[in-house]
$ cat work19.txt   # compact mmCIF, C-alpha atoms
# COMPACT_ATOMS: atom_id res chain seq x y z
CA GLN D 22 48.05 -67.63 2.70
CA GLY D 23 49.23 -67.26 -0.87
CA VAL D 24 48.72 -64.43 -3.32
CA VAL D 25 46.04 -61.80 -2.61
CA ARG D 26 44.13 -61.47 -5.88
CA GLY D 27 41.70 -58.65 -5.21
CA VAL D 28 40.50 -56.01 -2.77
CA SER D 29 37.43 -53.77 -2.53
CA VAL D 30 36.14 -51.11 -0.13
CA GLY D 31 32.50 -50.83 0.94
CA GLY D 32 31.32 -48.62 3.79
CA SER D 33 33.62 -49.14 6.78
CA ARG D 34 34.92 -52.48 5.50
CA VAL D 35 37.62 -53.81 3.21
CA VAL D 36 37.04 -57.15 1.48
CA SER D 37 39.91 -59.20 0.08
CA CYS D 38 40.27 -62.48 -1.78
CA GLY D 39 43.09 -64.71 -2.84
CA GLN D 40 44.82 -67.87 -3.82
CA ASP D 41 43.79 -69.47 -0.52
CA LYS D 42 40.19 -69.76 -1.88
CA GLU D 43 38.91 -67.46 0.87
CA VAL D 44 37.12 -64.11 1.05
CA ARG D 45 38.03 -62.00 4.09
CA VAL D 46 36.32 -59.00 5.66
CA TRP D 47 38.45 -56.40 7.43
CA GLU D 48 37.55 -53.46 9.65
CA ILE D 49 39.20 -50.33 8.25
CA GLU D 50 39.92 -48.48 11.50
CA SER D 51 41.37 -51.37 13.50
CA GLY D 52 42.71 -53.51 10.67
CA ARG D 53 41.08 -56.49 12.35
CA CYS D 54 39.84 -59.42 10.26
CA GLU D 55 36.12 -59.66 11.09
CA ARG D 56 35.40 -62.91 9.34
CA VAL D 57 36.54 -65.42 6.73
CA MET D 58 34.08 -66.71 4.15
CA ILE D 59 34.70 -70.11 2.60
CA GLY D 60 32.87 -71.63 -0.33
CA HIS D 61 34.96 -71.32 -3.47
CA THR D 62 36.90 -74.44 -4.42
CA GLU D 63 39.68 -72.74 -6.40
CA ASP D 64 41.55 -69.40 -6.42
CA VAL D 65 39.27 -66.42 -5.83
CA ARG D 66 40.26 -63.97 -8.57
CA GLY D 67 38.14 -60.89 -7.82
CA VAL D 68 35.85 -59.27 -5.26
CA SER D 69 33.52 -56.26 -5.25
CA ALA D 70 31.73 -54.81 -2.23
CA SER D 71 28.47 -52.88 -2.27
CA SER D 72 28.77 -49.16 -1.49
CA ASP D 73 27.20 -49.58 1.96
CA GLY D 74 29.45 -52.50 2.91
CA THR D 75 26.65 -55.00 3.51
CA LEU D 76 27.24 -57.30 0.53
CA ALA D 77 30.15 -58.47 -1.61
CA ALA D 78 30.44 -60.50 -4.79
CA SER D 79 33.40 -62.76 -5.51
CA CYS D 80 34.50 -64.69 -8.59
CA SER D 81 36.74 -67.68 -8.90
CA PHE D 82 38.64 -70.04 -11.13
CA ASP D 83 35.98 -72.57 -10.03
CA ARG D 84 33.71 -70.85 -12.61
CA THR D 85 31.27 -69.48 -10.03
CA VAL D 86 30.22 -66.05 -8.82
CA ARG D 87 29.14 -65.85 -5.18
CA VAL D 88 27.42 -63.13 -3.19
CA TRP D 89 28.10 -62.81 0.54
CA ASN D 90 26.37 -61.08 3.43
CA LEU D 91 29.20 -59.19 5.12
CA GLU D 92 27.28 -58.76 8.36
CA SER D 93 26.81 -62.49 8.95
CA GLY D 94 29.39 -64.03 6.63
CA SER D 95 26.71 -66.20 5.04
CA GLU D 96 26.49 -66.96 1.34
CA VAL D 97 23.50 -65.22 -0.28
CA SER D 98 23.72 -66.92 -3.66
CA SER D 99 26.03 -68.96 -5.86
CA MET D 100 25.81 -68.23 -9.58
CA THR D 101 26.85 -70.77 -12.19
CA GLY D 102 26.84 -70.45 -15.95
CA HIS D 103 30.33 -69.45 -17.02
CA SER D 104 32.11 -72.27 -18.82
CA ASP D 105 35.64 -71.20 -17.85
CA LYS D 106 37.51 -69.31 -15.12
CA VAL D 107 35.76 -66.15 -13.92
CA PHE D 108 38.32 -63.34 -13.86
CA GLY D 109 36.41 -60.24 -12.83
CA VAL D 110 33.30 -59.16 -10.95
CA ALA D 111 31.60 -55.84 -10.23
CA MET D 112 28.64 -55.06 -7.98
CA ALA D 113 26.24 -52.24 -8.83
CA GLY D 114 22.73 -50.97 -8.24
CA HIS D 115 23.22 -50.83 -4.44
CA GLY D 116 23.92 -54.55 -4.39
CA ARG D 117 21.05 -55.52 -6.71
CA LEU D 118 23.19 -56.41 -9.73
CA VAL D 119 26.46 -58.25 -10.29
CA VAL D 120 28.41 -58.26 -13.55
CA SER D 121 31.12 -60.86 -14.21
CA CYS D 122 33.64 -61.61 -16.96
CA SER D 123 35.36 -64.83 -17.87
CA TRP D 124 37.86 -66.72 -19.94
CA ASP D 125 34.80 -68.06 -21.78
CA MET D 126 34.83 -64.68 -23.63
CA THR D 127 31.51 -63.49 -22.16
CA VAL D 128 30.31 -60.79 -19.79
CA ARG D 129 27.24 -61.68 -17.73
CA THR D 130 24.77 -59.71 -15.64
CA TRP D 131 23.18 -61.41 -12.62
CA ASP D 132 20.30 -60.63 -10.34
CA VAL D 133 21.58 -61.05 -6.78
CA GLN D 134 18.34 -62.33 -5.28
CA SER D 135 17.62 -65.12 -7.78
CA GLY D 136 21.12 -66.10 -8.88
CA GLU D 137 19.55 -68.05 -11.76
CA ALA D 138 21.19 -68.47 -15.15
CA VAL D 139 18.65 -67.41 -17.76
CA GLY D 140 18.75 -65.18 -20.82
CA LYS D 141 20.15 -65.59 -24.29
CA PRO D 142 23.40 -64.48 -25.97
CA MET D 143 23.44 -61.10 -27.68
CA GLN D 144 25.94 -59.81 -30.21
CA PRO D 145 24.75 -56.53 -31.76
CA PRO D 146 26.76 -54.41 -34.20
CA SER D 147 29.54 -52.36 -32.60
CA THR D 148 29.70 -48.60 -32.76
CA LYS D 149 32.79 -46.41 -32.58
CA ALA D 150 31.22 -42.96 -32.51
CA GLY D 151 29.38 -40.87 -29.97
CA ASP D 152 29.66 -40.46 -26.24
CA LEU D 153 31.43 -43.52 -24.84
CA MET D 154 29.25 -44.12 -21.81
CA ARG D 155 26.00 -42.43 -22.85
CA ALA D 156 25.53 -43.71 -26.37
CA PRO D 157 21.88 -44.47 -27.20
CA GLN D 158 20.54 -48.01 -27.05
CA GLN D 159 20.75 -50.15 -30.15
CA PRO D 160 17.58 -49.93 -32.27
CA GLY D 161 15.14 -52.68 -31.43
CA SER D 162 16.65 -53.47 -28.04
CA ASN D 163 14.19 -55.10 -25.67
CA GLN D 164 13.54 -53.03 -22.56
CA SER D 165 11.88 -55.95 -20.77
CA VAL D 166 14.76 -58.45 -20.97
CA SER D 167 15.18 -60.30 -17.66
CA LEU D 168 18.10 -59.17 -15.51
CA GLU D 169 18.53 -62.57 -13.86
CA THR D 170 21.33 -63.31 -16.31
CA LEU D 171 22.22 -61.53 -19.53
CA MET D 172 25.13 -63.00 -21.48
CA MET D 173 27.01 -60.36 -23.43
CA LYS D 174 28.96 -61.85 -26.31
CA GLY D 175 31.29 -59.96 -28.58
CA HIS D 176 34.82 -60.34 -27.27
CA GLU D 177 36.89 -62.67 -29.42
CA LYS D 178 39.21 -63.79 -26.62
CA GLU D 179 39.27 -64.08 -22.81
CA VAL D 180 37.77 -61.17 -20.84
CA LEU D 181 40.06 -60.07 -18.00
CA ASP D 182 38.29 -57.20 -16.25
CA VAL D 183 34.90 -55.54 -15.91
CA VAL D 184 33.54 -52.48 -14.09
CA VAL D 185 30.08 -50.98 -13.79
CA THR D 186 28.98 -47.33 -13.63
CA SER D 187 27.63 -46.18 -10.28
CA ASP D 188 24.05 -46.07 -11.57
CA GLY D 189 24.33 -49.64 -12.85
CA SER D 190 23.38 -48.74 -16.43
CA ARG D 191 26.67 -49.50 -18.22
CA ALA D 192 29.37 -52.16 -17.92
CA VAL D 193 32.86 -51.76 -19.37
CA SER D 194 35.04 -54.79 -20.14
CA GLY D 195 38.63 -55.33 -21.27
CA SER D 196 39.91 -58.39 -23.08
CA VAL D 197 42.86 -60.34 -24.40
CA ASP D 198 41.50 -59.41 -27.85
CA GLY D 199 42.82 -55.87 -27.27
CA THR D 200 39.42 -54.18 -27.17
CA VAL D 201 37.39 -52.32 -24.57
CA ARG D 202 33.64 -52.73 -24.88
CA VAL D 203 30.75 -50.87 -23.29
CA TRP D 204 27.51 -52.74 -22.62
CA ASP D 205 23.96 -51.76 -21.74
CA VAL D 206 23.40 -53.65 -18.49
CA GLY D 207 19.62 -53.59 -18.87
CA THR D 208 19.52 -55.28 -22.27
CA GLY D 209 22.91 -56.90 -22.80
CA ALA D 210 23.43 -54.81 -25.94
CA GLN D 211 26.92 -53.74 -26.92
CA VAL D 212 26.98 -49.94 -27.03
CA VAL D 213 30.57 -49.18 -28.02
CA LYS D 214 33.63 -51.13 -29.17
CA CYS D 215 36.89 -49.26 -28.47
CA GLU D 216 40.06 -50.23 -30.32
CA GLY D 217 43.59 -48.93 -29.90
CA HIS D 218 45.48 -51.33 -27.63
CA SER D 219 48.02 -53.52 -29.44
CA ASP D 220 47.93 -56.27 -26.84
CA TRP D 221 45.87 -57.53 -23.89
CA VAL D 222 43.68 -55.06 -21.99
CA MET D 223 44.49 -55.86 -18.38
CA GLY D 224 42.28 -53.39 -16.49
CA VAL D 225 39.40 -50.95 -16.92
CA ALA D 226 37.91 -48.18 -14.77
CA VAL D 227 35.14 -45.58 -15.01
CA THR D 228 34.82 -42.07 -13.61
CA PRO D 229 32.37 -41.51 -10.72
CA ASN D 230 29.81 -39.84 -13.00
CA GLY D 231 30.07 -42.60 -15.59
CA SER D 232 30.97 -40.30 -18.47
CA LEU D 233 34.47 -41.64 -19.20
CA ALA D 234 36.33 -44.93 -19.07
CA ALA D 235 40.05 -45.68 -18.81
CA SER D 236 41.96 -48.82 -19.70
CA CYS D 237 45.47 -50.22 -19.33
CA GLY D 238 47.21 -52.84 -21.43
CA ARG D 239 50.13 -55.19 -21.56
$ encode --input "work19.txt" --output "structure tokens"
Amino acid sequence: QGVVRGVSVGGSRVVSCGQDKEVRVWEIESGRCERVMIGHTEDVRGVSASSDGTLAASCSFDRTVRVWNLESGSEVSSMTGHSDKVFGVAMAGHGRLVVSCSWDMTVRTWDVQSGEAVGKPMQPPSTKAGDLMRAPQQPGSNQSVSLETLMMKGHEKEVLDVVVTSDGSRAVSGSVDGTVRVWDVGTGAQVVKCEGHSDWVMGVAVTPNGSLAASCGR
């Protein structure tokens, strides 16, 4: 009941979430609701299913990110660390990684298996030139940074949406600050800062091969 906030397709399943604080799994062919997953304590704002339809990540105004086993309906992990509402979530790396964005102005990368909040903030210089999605890493970036949680700082206002390339190497975020930013998921380094919107960036998307990104604004 209430507003449906998000929907995602994985394998033969559709996963939805909403104002009722629930995550639901639907069978595509029959339209039947397979199961309802309960755990969030406030509106569930976004959901992202793995490509094979076995896992899904959800994010909520309760400031948590949760990963669910779609076969059993059980909660795999609950990730805490954001200090404000979590507005967007994206699953990548065949369900190994989850990236989230929040009103706390950060983008975070999580390891699904551990769910632990570790890692330090990073705010490297922005770049406006070069290939948007394939720009080289920032000089001095640490290849061995833990993936359990990387906090990507750079946005100056709330972050409303995030997507990840299919290979899990880049995350793209859009913010109330009017910018789109591209991040190196492995290090947390900001690769590109894209300016042009005159108001909030409400949504972002990437092409299947990860070479281009698109954004929409208010």
$ residues_around --input "work19.txt" --residues "region 59-73 of chain D" --least-positions-apart "3" --cutoff "8 Å" --atoms "only C-alpha atoms" --output "number ranges by chain"
D: 26-32, 36-44, 76-83, 85, 107-113, 115-116
$ residues_around --input "work19.txt" --residues "Glu55 (chain D)" --least-positions-apart "2" --cutoff "10 Å" --atoms "all atoms listed in the file" --output "ChimeraX atom specification"
/D:34-36,45-48,52-53,57,91-94
$ atom_distance --input "work19.txt" --atom1 "CA of Met223 (chain D)" --atom2 "CA of Gly238 (chain D)"
5.1 Å
$ closest_residue --input "work19.txt" --among "D:Val184, D:Val201, D:Val120, D:Val133" --to "His218 (chain D)" --atoms "all atoms listed in the file"
D:Val201
$ atom_distance --input "work19.txt" --atom1 "CA of Glu96 (chain D)" --atom2 "CA of Met58 (chain D)"
8.1 Å
$ closest_residue --input "work19.txt" --among "D:Gln134, D:Ser51, D:Ser236, D:Thr127" --to "Gln211 (chain D)" --atoms "only C-alpha atoms"
D:Thr127
$ residues_near_point --input "work19.txt" --point "(33.7, -59.9, -29.9)" --cutoff "12 Å" --atoms "only C-alpha atoms" --output "PyMOL selection string"
chain D and resi 125-128+142-147+173-180+194-204+211+213-216
